[in-house]
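Q: One file is attached below, target23.txt, containing compact mmCIF, C-alpha atoms.
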```txt
# COMPACT_ATOMS: atom_id res chain seq x y z
CA MET H 149 0.00 0.00 0.00
CA SER H 150 2.27 2.76 1.22
CA ALA H 151 5.87 3.52 0.44
CA GLY H 152 8.59 2.26 2.72
CA ALA H 153 9.06 5.59 4.45
CA GLN H 154 5.45 5.74 5.54
CA VAL H 155 4.62 4.32 8.96
CA GLY H 156 1.16 3.13 8.13
CA GLY H 157 -2.32 4.43 7.56
CA ILE H 158 -5.81 3.54 6.51
CA GLU H 159 -7.40 4.10 3.13
CA VAL H 160 -11.17 3.81 2.77
CA ALA H 161 -12.59 4.04 -0.73
CA GLY H 162 -16.17 3.92 -1.99
CA LEU H 163 -17.40 2.25 1.18
CA ALA H 164 -21.04 1.26 1.49
CA ALA H 165 -22.74 -0.56 4.34
CA ARG H 166 -25.95 -2.54 4.37
CA ARG H 167 -27.75 -3.41 7.59
CA GLY H 168 -30.89 -5.53 7.48
CA GLY H 169 -31.22 -5.10 3.73
CA ARG H 170 -31.07 -1.31 3.97
CA ILE H 171 -28.16 0.78 2.71
CA VAL H 172 -26.96 2.78 5.71
CA PHE H 173 -24.37 4.82 3.86
CA ALA H 174 -22.66 4.60 0.50
CA ASP H 175 -19.67 5.94 -1.37
CA LEU H 176 -17.74 6.94 1.73
CA SER H 177 -14.08 7.67 1.22
CA PHE H 178 -11.41 8.97 3.55
CA SER H 179 -7.81 8.32 4.38
CA LEU H 180 -5.83 8.72 7.53
CA ALA H 181 -2.10 8.60 8.08
CA ALA H 182 -0.17 7.73 11.22
CA GLY H 183 -0.66 10.44 13.84
CA GLY H 184 -4.05 11.39 12.43
CA ALA H 185 -7.46 11.18 13.99
CA LEU H 186 -10.97 11.27 12.61
CA ARG H 187 -14.07 12.22 14.56
CA ILE H 188 -17.37 10.89 13.26
CA THR H 189 -20.46 12.84 14.20
CA GLY H 190 -24.09 12.59 13.22
CA PRO H 191 -27.53 11.71 14.55
CA ASN H 192 -28.40 8.29 15.98
CA GLY H 193 -28.74 5.43 13.55
CA VAL H 194 -26.81 7.14 10.80
CA GLY H 195 -24.15 4.43 10.71
CA LYS H 196 -21.34 5.64 12.97
CA SER H 197 -21.03 2.35 14.85
CA THR H 198 -21.46 0.46 11.59
CA LEU H 199 -18.51 2.33 10.10
CA LEU H 200 -16.36 1.42 13.11
CA ARG H 201 -17.42 -2.23 12.90
CA LEU H 202 -16.54 -2.22 9.20
CA CYS H 203 -13.11 -0.78 9.99
CA ALA H 204 -12.68 -3.41 12.70
CA GLY H 205 -13.41 -6.15 10.17
CA LEU H 206 -16.48 -7.30 12.11
CA LEU H 207 -18.81 -6.53 9.21
CA ALA H 208 -18.28 -7.05 5.52
CA PRO H 209 -18.78 -3.93 3.38
CA ALA H 210 -21.57 -3.97 0.80
CA ALA H 211 -19.19 -2.17 -1.56
CA GLY H 212 -15.82 -0.48 -1.45
CA THR H 213 -12.56 -1.30 0.24
CA ILE H 214 -10.80 -0.68 3.54
CA ALA H 215 -7.03 -0.99 3.39
CA LEU H 216 -5.36 -0.85 6.77
CA ASP H 217 -1.60 -0.78 6.65
CA PRO H 218 -0.24 -1.08 10.19
CA PRO H 219 3.43 -0.61 10.95
CA PRO H 220 5.23 -3.92 11.47
CA GLY H 221 5.39 -5.40 14.94
CA ARG H 222 2.33 -3.61 16.25
CA PRO H 223 -1.19 -5.03 16.73
CA PRO H 224 -3.34 -3.39 14.07
CA LEU H 225 -6.60 -2.72 15.89
CA GLY H 226 -7.92 -1.69 19.25
CA TYR H 227 -11.71 -1.57 19.48
CA LEU H 228 -13.76 0.09 22.20
CA ALA H 229 -17.45 -0.76 21.84
CA GLU H 230 -20.60 -0.56 23.92
CA ALA H 231 -19.87 -3.96 25.50
CA ALA H 232 -16.85 -4.04 27.78
CA ALA H 233 -15.99 -7.73 27.18
CA LEU H 234 -14.60 -8.07 30.72
CA ASP H 235 -15.45 -11.08 32.89
CA GLY H 236 -17.73 -9.74 35.62
CA GLU H 237 -16.68 -12.09 38.40
CA ARG H 238 -12.94 -11.49 38.00
CA PRO H 239 -10.89 -8.74 39.61
CA LEU H 240 -10.38 -5.85 37.22
CA ALA H 241 -6.63 -6.32 36.76
CA GLN H 242 -7.06 -10.03 35.99
CA ALA H 243 -9.95 -9.43 33.57
CA LEU H 244 -7.73 -6.97 31.70
CA GLY H 245 -4.76 -9.29 32.07
CA PHE H 246 -6.64 -11.93 30.08
CA TRP H 247 -6.82 -9.60 27.07
CA ALA H 248 -3.20 -8.48 27.50
CA ARG H 249 -2.23 -12.14 27.32
CA MET H 250 -4.48 -12.71 24.30
CA ASP H 251 -2.58 -9.89 22.62
CA GLY H 252 0.60 -11.87 23.25
CA LEU H 253 2.49 -8.80 24.39
CA SER H 254 5.41 -8.90 26.78
CA HIS H 255 4.93 -8.04 30.48
CA PRO H 256 1.11 -8.17 30.38
CA ASP H 257 0.66 -7.41 34.08
CA ALA H 258 2.90 -4.34 33.97
CA ARG H 259 1.04 -3.06 30.90
CA VAL H 260 -2.31 -3.54 32.61
CA ALA H 261 -1.11 -1.75 35.74
CA ALA H 262 0.16 1.18 33.68
CA ALA H 263 -3.07 1.36 31.67
CA LEU H 264 -5.16 1.29 34.86
CA ALA H 265 -3.09 4.16 36.22
CA ASP H 266 -3.71 6.05 32.96
CA VAL H 267 -7.48 5.83 33.39
CA ALA H 268 -7.24 6.45 37.16
CA LEU H 269 -8.53 3.02 38.13
CA ALA H 270 -5.36 1.72 39.81
CA ASP H 271 -7.13 1.71 43.19
CA LEU H 272 -9.80 -0.67 41.88
CA ALA H 273 -7.45 -3.28 40.39
CA THR H 274 -8.59 -5.98 42.82
CA VAL H 275 -12.31 -5.17 42.66
CA PRO H 276 -14.51 -7.56 40.64
CA VAL H 277 -15.61 -6.01 37.35
CA ARG H 278 -19.32 -6.42 38.13
CA MET H 279 -18.94 -4.03 41.11
CA LEU H 280 -17.79 -1.17 38.86
CA SER H 281 -20.05 1.70 37.86
CA THR H 282 -20.94 2.38 34.22
CA GLY H 283 -18.27 5.05 33.86
CA GLN H 284 -15.65 2.95 35.61
CA ARG H 285 -16.41 0.01 33.36
CA ARG H 286 -16.07 2.28 30.34
CA ARG H 287 -12.68 3.44 31.56
CA ALA H 288 -11.69 -0.17 32.23
CA ALA H 289 -12.56 -1.09 28.63
CA PHE H 290 -10.53 1.90 27.49
CA ALA H 291 -7.63 0.64 29.62
CA ARG H 292 -7.72 -2.54 27.56
CA VAL H 293 -7.29 -0.49 24.39
CA ILE H 294 -4.37 1.40 25.96
CA ALA H 295 -2.68 -1.79 27.17
CA GLY H 296 -2.99 -3.36 23.72
CA ARG H 297 -0.91 -0.56 22.12
CA ALA H 298 -2.62 -1.15 18.81
CA PHE H 299 -2.00 1.10 15.83
CA LEU H 300 -5.57 2.14 15.02
CA TRP H 301 -7.97 2.87 17.86
CA LEU H 302 -11.64 2.53 16.99
CA LEU H 303 -13.57 4.23 19.79
CA ASP H 304 -17.35 4.01 19.73
CA GLU H 305 -18.81 6.76 21.95
CA PRO H 306 -15.85 6.61 24.33
CA THR H 307 -17.18 9.42 26.54
CA ASN H 308 -20.51 7.68 27.28
CA GLY H 309 -20.96 7.55 31.04
CA LEU H 310 -17.76 9.49 31.73
CA ASP H 311 -17.62 12.54 33.95
CA ALA H 312 -15.86 15.75 32.86
CA ALA H 313 -12.54 14.82 34.43
CA ALA H 314 -12.52 11.40 32.81
CA SER H 315 -13.44 12.90 29.42
CA ALA H 316 -10.54 15.33 29.70
CA ARG H 317 -8.22 12.48 30.58
CA LEU H 318 -9.47 10.57 27.53
CA GLU H 319 -8.46 13.47 25.28
CA VAL H 320 -4.98 13.47 26.77
CA LEU H 321 -4.64 9.71 26.30
CA VAL H 322 -5.81 9.80 22.68
CA GLU H 323 -3.41 12.66 21.99
CA ARG H 324 -0.54 10.70 23.54
CA HIS H 325 -1.49 7.76 21.30
CA LEU H 326 -1.42 9.98 18.20
CA GLU H 327 1.95 11.47 19.15
CA ALA H 328 3.32 7.95 19.45
CA GLY H 329 2.47 7.37 15.79
CA GLY H 330 -0.97 5.87 16.30
CA MET H 331 -4.29 6.68 14.66
CA ALA H 332 -7.80 6.98 16.02
CA ILE H 333 -11.31 6.98 14.58
CA VAL H 334 -13.75 8.22 17.21
CA ALA H 335 -17.54 8.24 16.99
CA THR H 336 -18.66 10.89 19.44
CA HIS H 337 -20.91 13.90 19.86
CA LEU H 338 -18.48 15.69 22.13
CA PRO H 339 -15.99 18.07 20.53
CA LEU H 340 -12.71 16.44 21.48
CA ARG H 341 -9.95 19.06 21.59
CA LEU H 342 -7.31 17.38 19.52
CA PRO H 343 -5.17 19.36 17.10
CA ALA H 344 -4.68 16.49 14.65
CA MET H 345 -8.38 15.62 14.49
CA ARG H 346 -10.57 16.00 11.47
CA THR H 347 -14.34 15.66 11.56
CA LEU H 348 -16.52 13.58 9.30
CA ALA H 349 -20.15 14.62 9.67
CA PHE H 350 -22.63 11.89 8.86
CA GLY H 351 -26.28 12.62 8.39
CA THR H 352 -26.86 13.73 4.82
CA ARG H 353 -28.30 10.53 3.41
CA PRO H 354 -26.70 9.70 0.08
CA MET G 283 -1.47 -24.90 20.61
CA THR G 284 -0.29 -21.32 20.33
CA GLY G 285 -0.22 -18.77 23.15
CA PRO G 286 -3.51 -16.90 22.76
CA LEU G 287 -5.55 -20.07 22.30
CA ALA G 288 -3.98 -21.58 25.42
CA VAL G 289 -4.97 -18.44 27.32
CA LEU G 290 -8.48 -18.77 25.93
CA LEU G 291 -8.62 -22.47 26.89
CA TRP G 292 -7.59 -21.70 30.46
CA ARG G 293 -10.28 -19.02 30.70
CA GLY G 294 -12.89 -21.47 29.38
CA VAL G 295 -11.94 -24.20 31.85
CA ARG G 296 -11.92 -21.74 34.76
CA ARG G 297 -15.34 -20.42 33.79
CA GLY G 298 -16.61 -23.99 33.39
CA TYR G 299 -15.72 -24.88 36.98
CA ALA G 300 -16.47 -21.44 38.45
CA GLY G 301 -19.84 -20.73 39.99
CA GLY G 302 -20.58 -24.37 40.68
CA GLY G 303 -21.17 -25.23 37.01
CA ALA G 304 -19.65 -28.71 37.33
CA THR G 305 -21.52 -29.42 40.58
CA LEU G 306 -24.79 -28.52 38.90
CA VAL G 307 -24.17 -30.99 36.08
CA VAL G 308 -23.23 -33.77 38.50
CA VAL G 309 -26.24 -33.24 40.76
CA PHE G 310 -28.63 -33.06 37.82
CA PHE G 311 -27.12 -36.21 36.34
CA LEU G 312 -27.52 -38.14 39.58
CA LEU G 313 -31.08 -36.86 40.01
CA ALA G 314 -32.01 -37.92 36.48
CA ALA G 315 -30.43 -41.34 37.04
CA THR G 316 -32.32 -41.87 40.30
CA LEU G 317 -35.65 -41.02 38.67
CA PHE G 318 -35.63 -44.39 36.91
CA PRO G 319 -35.65 -46.56 40.07
CA PHE G 320 -38.50 -44.45 41.39
CA ALA G 321 -40.44 -44.91 38.16
CA ILE G 322 -39.67 -48.60 37.64
CA GLY G 323 -39.68 -49.80 41.21
CA PRO G 324 -37.05 -51.53 43.36
CA ASP G 325 -36.41 -54.41 40.98
CA ALA G 326 -32.65 -54.92 41.36
CA PRO G 327 -32.03 -57.34 38.45
CA LEU G 328 -34.05 -55.16 36.07
CA LEU G 329 -32.25 -52.00 37.18
CA ALA G 330 -28.86 -53.67 36.81
CA ARG G 331 -29.84 -54.71 33.28
CA ILE G 332 -31.07 -51.27 32.13
CA GLY G 333 -28.68 -49.27 34.34
CA GLY G 334 -26.11 -48.64 31.63
CA GLY G 335 -28.72 -47.18 29.32
CA VAL G 336 -30.10 -45.06 32.16
CA VAL G 337 -26.65 -43.59 32.77
CA TRP G 338 -26.36 -42.69 29.09
CA ALA G 339 -29.77 -41.05 28.94
CA ALA G 340 -29.04 -39.10 32.11
CA ALA G 341 -25.65 -38.02 30.75
CA LEU G 342 -27.31 -36.66 27.62
CA LEU G 343 -29.83 -34.67 29.63
CA ALA G 344 -27.10 -33.34 31.92
CA ALA G 345 -25.10 -32.24 28.88
CA LEU G 346 -27.95 -29.87 27.99
CA LEU G 347 -27.66 -28.00 31.26
CA PRO G 348 -24.58 -25.85 30.59
CA VAL G 349 -25.49 -25.01 26.98
CA ASP G 350 -26.89 -21.54 27.73
CA ARG G 351 -23.66 -20.56 29.51
CA LEU G 352 -21.27 -21.58 26.73
CA VAL G 353 -21.71 -18.87 24.08
CA ALA G 354 -24.52 -16.44 24.89
CA PRO G 355 -22.82 -14.56 27.78
CA ASP G 356 -19.65 -14.00 25.74
CA LEU G 357 -21.67 -12.90 22.73
CA GLU G 358 -23.54 -10.35 24.81
CA ALA G 359 -20.38 -9.11 26.52
CA GLY G 360 -18.67 -8.49 23.17
CA VAL G 361 -15.95 -11.05 23.79
CA TYR G 362 -16.25 -12.49 20.28
CA ASP G 363 -15.97 -8.98 18.81
CA GLN G 364 -12.69 -8.50 20.64
CA LEU G 365 -11.42 -11.94 19.60
CA ALA G 366 -12.31 -11.29 15.95
CA VAL G 367 -10.60 -7.88 16.06
CA ARG G 368 -7.48 -9.70 17.22
CA GLY G 369 -7.64 -11.87 14.13
CA GLN G 370 -8.68 -15.07 15.91
CA SER G 371 -10.62 -17.51 13.74
CA LEU G 372 -14.03 -18.05 15.30
CA ALA G 373 -13.92 -21.74 14.35
CA ALA G 374 -10.69 -22.08 16.34
CA VAL G 375 -12.27 -20.15 19.19
CA ALA G 376 -15.23 -22.55 19.10
CA ALA G 377 -12.92 -25.58 19.03
CA VAL G 378 -11.13 -24.23 22.10
CA ALA G 379 -14.50 -23.61 23.75
CA ALA G 380 -15.49 -27.23 23.08
CA LEU G 381 -12.22 -28.50 24.53
CA ALA G 382 -12.59 -26.30 27.61
CA HIS G 383 -16.18 -27.45 28.03
CA TRP G 384 -15.11 -31.07 27.74
CA ILE G 385 -12.43 -30.61 30.42
CA ALA G 386 -14.95 -28.98 32.75
CA PHE G 387 -17.79 -31.38 31.96
CA ALA G 388 -16.52 -34.89 31.22
CA PRO G 389 -14.39 -35.74 34.30
CA PRO G 390 -17.09 -34.78 36.84
CA LEU G 391 -19.68 -36.66 34.79
CA MET G 392 -17.53 -39.78 34.55
CA ALA G 393 -16.91 -39.64 38.29
CA ALA G 394 -20.63 -39.26 38.92
CA ALA G 395 -21.30 -42.25 36.66
CA VAL G 396 -19.50 -44.41 39.21
CA ILE G 397 -21.89 -43.18 41.90
CA ALA G 398 -24.85 -43.75 39.60
CA ALA G 399 -23.61 -47.28 38.93
CA GLY G 400 -23.62 -47.90 42.67
CA LEU G 401 -27.14 -46.50 43.02
CA LEU G 402 -28.49 -48.60 40.17
CA GLY G 403 -26.50 -51.73 41.01
CA ILE G 404 -24.72 -51.86 37.67
CA PRO G 405 -22.12 -54.68 37.63
CA ALA G 406 -18.43 -53.68 37.40
CA GLN G 407 -18.06 -55.14 33.92
CA GLN G 408 -20.92 -52.96 32.62
CA LEU G 409 -19.60 -49.91 34.46
CA LEU G 410 -16.29 -50.30 32.65
CA LEU G 411 -18.10 -50.28 29.29
CA VAL G 412 -20.15 -47.23 30.34
CA GLU G 413 -17.01 -45.34 31.36
CA ALA G 414 -15.21 -46.31 28.16
CA GLY G 415 -18.22 -45.15 26.17
CA LEU G 416 -18.43 -41.86 28.05
CA ALA G 417 -14.72 -41.24 27.53
CA ILE G 418 -15.21 -41.70 23.78
CA GLY G 419 -18.59 -40.03 23.48
CA THR G 420 -18.22 -36.94 25.66
CA PRO G 421 -15.84 -35.08 23.29
CA GLY G 422 -18.54 -35.29 20.62
CA LEU G 423 -21.16 -34.28 23.14
CA ALA G 424 -19.09 -31.26 24.23
CA ALA G 425 -18.55 -30.15 20.62
CA LEU G 426 -22.26 -30.56 19.91
CA ALA G 427 -23.08 -28.52 23.02
CA VAL G 428 -20.91 -25.62 21.82
CA ALA G 429 -22.43 -25.73 18.33
CA THR G 430 -25.93 -25.78 19.82
CA ALA G 431 -25.03 -22.93 22.15
CA ALA G 432 -23.79 -20.88 19.21
CA LEU G 433 -26.84 -21.62 17.07
CA THR G 434 -29.26 -20.61 19.85
CA ALA G 435 -27.18 -17.81 21.42
CA SER G 436 -29.22 -14.93 20.04
CA LEU G 437 -32.63 -16.52 20.71
CA ARG G 438 -34.74 -15.41 23.64
CA SER G 439 -35.85 -18.84 24.86
CA ALA G 440 -32.51 -20.41 24.05
CA GLY G 441 -32.72 -23.07 26.75
CA ALA G 442 -35.84 -24.72 25.38
CA VAL G 443 -34.74 -24.53 21.75
CA ALA G 444 -31.31 -25.90 22.65
CA GLY G 445 -32.89 -29.16 23.77
CA LEU G 446 -34.79 -29.46 20.50
CA VAL G 447 -31.62 -28.86 18.50
CA MET G 448 -29.20 -30.92 20.52
CA LEU G 449 -31.01 -34.06 21.65
CA PRO G 450 -31.90 -35.40 18.17
CA LEU G 451 -28.33 -34.83 17.01
CA ALA G 452 -27.03 -36.62 20.11
CA VAL G 453 -29.17 -39.72 19.49
CA PRO G 454 -26.39 -41.53 17.54
CA LEU G 455 -24.09 -41.08 20.54
CA LEU G 456 -26.79 -42.57 22.76
CA ILE G 457 -27.45 -45.50 20.43
CA PHE G 458 -23.82 -46.53 20.07
CA GLY G 459 -22.87 -45.62 23.64
CA ALA G 460 -25.67 -47.73 25.13
CA GLY G 461 -25.19 -50.27 22.34
CA ALA G 462 -21.63 -50.84 23.49
CA LEU G 463 -23.04 -52.39 26.67
CA SER G 464 -24.25 -55.39 24.68
CA GLY G 465 -22.55 -54.96 21.33
CA GLY G 466 -19.00 -54.55 22.61
CA ALA G 467 -16.10 -53.27 20.57
CA SER G 468 -17.86 -52.65 17.26
CA ALA G 469 -20.37 -50.29 18.91
CA LEU G 470 -17.51 -48.44 20.61
CA LYS G 471 -15.86 -47.97 17.21
CA LEU G 472 -19.06 -46.55 15.75
CA LEU G 473 -19.40 -44.33 18.83
CA ALA G 474 -15.87 -43.08 18.22
CA ALA G 475 -16.75 -42.38 14.58
CA VAL G 476 -19.82 -40.34 15.53
CA SER G 477 -17.87 -38.49 18.19
CA LEU G 478 -15.09 -37.73 15.73
CA VAL G 479 -17.51 -36.37 13.14
CA LEU G 480 -19.03 -34.04 15.75
CA VAL G 481 -15.62 -32.91 17.03
CA ALA G 482 -14.45 -32.20 13.49
CA GLY G 483 -17.58 -30.50 12.21
CA ALA G 484 -19.11 -28.69 15.15
CA PRO G 485 -16.43 -25.96 15.53
CA PHE G 486 -17.06 -24.76 11.97
CA VAL G 487 -20.82 -24.73 12.52
CA ALA G 488 -20.32 -22.89 15.82
CA GLY G 489 -17.87 -20.40 14.30
CA ALA G 490 -20.24 -19.55 11.45
CA ALA G 491 -23.19 -19.27 13.87
CA ILE G 492 -21.25 -16.90 16.15
CA ARG G 493 -20.21 -14.82 13.15
CA ALA G 494 -23.84 -14.59 12.02
CA ALA G 495 -25.00 -13.67 15.53
CA MET G 496 -22.42 -10.86 15.72
CA GLU G 497 -23.86 -9.03 12.72
```
Please go through the file and, once you have read it, give me the structure as structure tokens.

A:
Amino acid sequence: MSAGAQVGGIEVAGLAARRGGRIVFADLSFSLAAGGALRITGPNGVGKSTLLRLCAGLLAPAAGTIALDPPPGRPPLGYLAEAAALDGERPLAQALGFWARMDGLSHPDARVAAALADVALADLATVPVRMLSTGQRRRAAFARVIAGRAFLWLLDEPTNGLDAAASARLEVLVERHLEAGGMAIVATHLPLRLPAMRTLAFGTRP
Amino acid sequence: MTGPLAVLLWRGVRRGYAGGGATLVVVFFLLAATLFPFAIGPDAPLLARIGGGVVWAAALLAALLPVDRLVAPDLEAGVYDQLAVRGQSLAAVAAVAALAHWIAFAPPLMAAAVIAAGLLGIPAQQLLLVEAGLAIGTPGLAALAVATAALTASLRSAGAVAGLVMLPLAVPLLIFGAGALSGGASALKLLAAVSLVLVAGAPFVAGAAIRAAME
């Protein structure tokens, strides 16, 4: 895809999505290079989550292509969705540790501890996941994305259930990820203050 | 087995034994097995004769019990989304789930079969054939349970439908497993064949069903 000097990116061309026999959006094109971020806005049901699931490879596009070109040696995708995918009966650090081990990265426990400190949940590392509040669970799921150190972060409404302080911290963490050569596609209504972020407004039906 | 799948297997086994899942299967199995003496009456020679078949029927019913815990909770929690994002094949994930389920399900069941044999007065020779049959048949039963769980995961009354899906498909296991009690080695071979077909095919069915349920 890209020349040798490039450190990765994503190229979306002519993308269309069909859900339940209905075309949700069509002919969507954008590209993003390492260090870039894209914010997707638009009313409910316009296909923001669908676009993220397409980028994550969880749905097949009705038309068009998605070419993700991650830098070598780095997991390509980190996906934050509505569901936290953390085992409720396990302590938070161990529930996250499972995913760190699935990622096959070195020092999984140290990575989890650092990620929990990033989202200010270090105090709750030994608390079972089911005892966490909505916002805490959201931050825990975000800690999984941080610990995975993937190239492209796909964040679906990451500020849902977060208080102002946690939202501000999220901005800082996404910015740190971009500065480290990562990319992010964020579906959110909130105006994240990120210098490298472009906005893609959904809502005008093709 | 590579690293991530071993991690996944360990999680599956731990979840299988956690929360008293294995105990539930064992108690249900013993309850089902003791229903027969109550229904038939205290006729020791008759019970000893049909005991092996009773154990097999009870094992099949007990295998239904954990089906709603195998796939649906992970589907709802988004675990399969995260596994797919990490490039894991869902068929491999389902195969690991079947193996984990077998590890959590078969040993307690086989241990409970010894107790059931005592309750029903099954002779030692017959018990040996029952245990051999269970050892061969339970891998197929575990794989079938995971496939059934995947097929019914997104249904509202999954538990009831699971029985309708799984029991007819498990009938060959029952026929050859109970048949081994009188038919000997040839029935065990056929049981192994059925079990092998289920172990080989079910993960692909389960993987496709999970993929469809994720959409």

Q: Please list as a PyMOL selection string every residue within 12 Å of Gly483 (chain G), counting only C-alpha atoms and excluding residues in the same chain fewer than 5 positions away.

A: chain G and resi 373-374+376-377+380+422+425-426+428-429+476-478+488-490

Q: Rounded to one decimal in Å, what is the spacing between CA of Ile333 (chain H) and CA of Asn308 (chain H)?

A: 15.7 Å

Q: Using all atoms listed in the file, determine which residues of chain H fall within 12 Å of chain G; present them as a PyMOL selection string.

A: chain H and resi 165-168+197-198+200-209+222-238+242-243+245-254+278+289+292-293+296+298+300-302

Q: Keeping only C-alpha atoms, write the selected residues as a PDB file, in the coordinates of the input.

A:
```pdb
ATOM      1  CA  ALA H 165     -22.740  -0.560   4.340  1.00  0.00           C
ATOM      2  CA  ARG H 166     -25.950  -2.540   4.370  1.00  0.00           C
ATOM      3  CA  ARG H 167     -27.750  -3.410   7.590  1.00  0.00           C
ATOM      4  CA  GLY H 168     -30.890  -5.530   7.480  1.00  0.00           C
ATOM      5  CA  SER H 197     -21.030   2.350  14.850  1.00  0.00           C
ATOM      6  CA  THR H 198     -21.460   0.460  11.590  1.00  0.00           C
ATOM      7  CA  LEU H 200     -16.360   1.420  13.110  1.00  0.00           C
ATOM      8  CA  ARG H 201     -17.420  -2.230  12.900  1.00  0.00           C
ATOM      9  CA  LEU H 202     -16.540  -2.220   9.200  1.00  0.00           C
ATOM     10  CA  CYS H 203     -13.110  -0.780   9.990  1.00  0.00           C
ATOM     11  CA  ALA H 204     -12.680  -3.410  12.700  1.00  0.00           C
ATOM     12  CA  GLY H 205     -13.410  -6.150  10.170  1.00  0.00           C
ATOM     13  CA  LEU H 206     -16.480  -7.300  12.110  1.00  0.00           C
ATOM     14  CA  LEU H 207     -18.810  -6.530   9.210  1.00  0.00           C
ATOM     15  CA  ALA H 208     -18.280  -7.050   5.520  1.00  0.00           C
ATOM     16  CA  PRO H 209     -18.780  -3.930   3.380  1.00  0.00           C
ATOM     17  CA  ARG H 222       2.330  -3.610  16.250  1.00  0.00           C
ATOM     18  CA  PRO H 223      -1.190  -5.030  16.730  1.00  0.00           C
ATOM     19  CA  PRO H 224      -3.340  -3.390  14.070  1.00  0.00           C
ATOM     20  CA  LEU H 225      -6.600  -2.720  15.890  1.00  0.00           C
ATOM     21  CA  GLY H 226      -7.920  -1.690  19.250  1.00  0.00           C
ATOM     22  CA  TYR H 227     -11.710  -1.570  19.480  1.00  0.00           C
ATOM     23  CA  LEU H 228     -13.760   0.090  22.200  1.00  0.00           C
ATOM     24  CA  ALA H 229     -17.450  -0.760  21.840  1.00  0.00           C
ATOM     25  CA  GLU H 230     -20.600  -0.560  23.920  1.00  0.00           C
ATOM     26  CA  ALA H 231     -19.870  -3.960  25.500  1.00  0.00           C
ATOM     27  CA  ALA H 232     -16.850  -4.040  27.780  1.00  0.00           C
ATOM     28  CA  ALA H 233     -15.990  -7.730  27.180  1.00  0.00           C
ATOM     29  CA  LEU H 234     -14.600  -8.070  30.720  1.00  0.00           C
ATOM     30  CA  ASP H 235     -15.450 -11.080  32.890  1.00  0.00           C
ATOM     31  CA  GLY H 236     -17.730  -9.740  35.620  1.00  0.00           C
ATOM     32  CA  GLU H 237     -16.680 -12.090  38.400  1.00  0.00           C
ATOM     33  CA  ARG H 238     -12.940 -11.490  38.000  1.00  0.00           C
ATOM     34  CA  GLN H 242      -7.060 -10.030  35.990  1.00  0.00           C
ATOM     35  CA  ALA H 243      -9.950  -9.430  33.570  1.00  0.00           C
ATOM     36  CA  GLY H 245      -4.760  -9.290  32.070  1.00  0.00           C
ATOM     37  CA  PHE H 246      -6.640 -11.930  30.080  1.00  0.00           C
ATOM     38  CA  TRP H 247      -6.820  -9.600  27.070  1.00  0.00           C
ATOM     39  CA  ALA H 248      -3.200  -8.480  27.500  1.00  0.00           C
ATOM     40  CA  ARG H 249      -2.230 -12.140  27.320  1.00  0.00           C
ATOM     41  CA  MET H 250      -4.480 -12.710  24.300  1.00  0.00           C
ATOM     42  CA  ASP H 251      -2.580  -9.890  22.620  1.00  0.00           C
ATOM     43  CA  GLY H 252       0.600 -11.870  23.250  1.00  0.00           C
ATOM     44  CA  LEU H 253       2.490  -8.800  24.390  1.00  0.00           C
ATOM     45  CA  SER H 254       5.410  -8.900  26.780  1.00  0.00           C
ATOM     46  CA  ARG H 278     -19.320  -6.420  38.130  1.00  0.00           C
ATOM     47  CA  ALA H 289     -12.560  -1.090  28.630  1.00  0.00           C
ATOM     48  CA  ARG H 292      -7.720  -2.540  27.560  1.00  0.00           C
ATOM     49  CA  VAL H 293      -7.290  -0.490  24.390  1.00  0.00           C
ATOM     50  CA  GLY H 296      -2.990  -3.360  23.720  1.00  0.00           C
ATOM     51  CA  ALA H 298      -2.620  -1.150  18.810  1.00  0.00           C
ATOM     52  CA  LEU H 300      -5.570   2.140  15.020  1.00  0.00           C
ATOM     53  CA  TRP H 301      -7.970   2.870  17.860  1.00  0.00           C
ATOM     54  CA  LEU H 302     -11.640   2.530  16.990  1.00  0.00           C
TER      55      LEU H 302
END
```

Q: Within 12 Å of Pro450 (chain G), counting only C-alpha atoms, which residues qualify if same-chain residues fewer than 5 places away don't, as a list of chain:residue names?

A: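 Using only C-alpha atoms, the neighbours found are G:Leu342, G:Leu343, G:Leu346, G:Leu423, G:Leu426, G:Thr430, G:Val443, G:Ala444, G:Gly445, G:Leu455, G:Leu456, G:Ile457.
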
Q: Output C-alpha atoms of each residue in that selection to a file, as a CSV table (one decimal), in the frame of the given file.

A:
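So again_13.csv came out as:
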```csv
chain,number,residue,atom,x,y,z
G,342,LEU,CA,-27.3,-36.7,27.6
G,343,LEU,CA,-29.8,-34.7,29.6
G,346,LEU,CA,-28.0,-29.9,28.0
G,423,LEU,CA,-21.2,-34.3,23.1
G,426,LEU,CA,-22.3,-30.6,19.9
G,430,THR,CA,-25.9,-25.8,19.8
G,443,VAL,CA,-34.7,-24.5,21.8
G,444,ALA,CA,-31.3,-25.9,22.6
G,445,GLY,CA,-32.9,-29.2,23.8
G,455,LEU,CA,-24.1,-41.1,20.5
G,456,LEU,CA,-26.8,-42.6,22.8
G,457,ILE,CA,-27.4,-45.5,20.4
```

Q: Taking all atoms of region 289-304 of chain H that the file lists, what box with edges along x, y and z, padded by 6 Å per side, do you get, with centre and edge lengths in Å to one decimal, as JSON?

A:
```
{"center_x": -9.1, "center_y": 0.4, "center_z": 22.3, "size_x": 28.4, "size_y": 19.6, "size_z": 26.6}
```

Q: Suppose you want the space between CA of Ser315 (chain H) and CA of Ala332 (chain H); what is it in Å?

A: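 Between CA of Ser315 (chain H) and CA of Ala332 (chain H) the gap works out to 15.7 Å.
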
Q: Under the rule that only C-alpha atoms are counted, which of G:Pro389, G:Gly465, G:Pro348, G:Ala414 is the nearest residue to Ala427 (chain G)?

A: G:Pro348
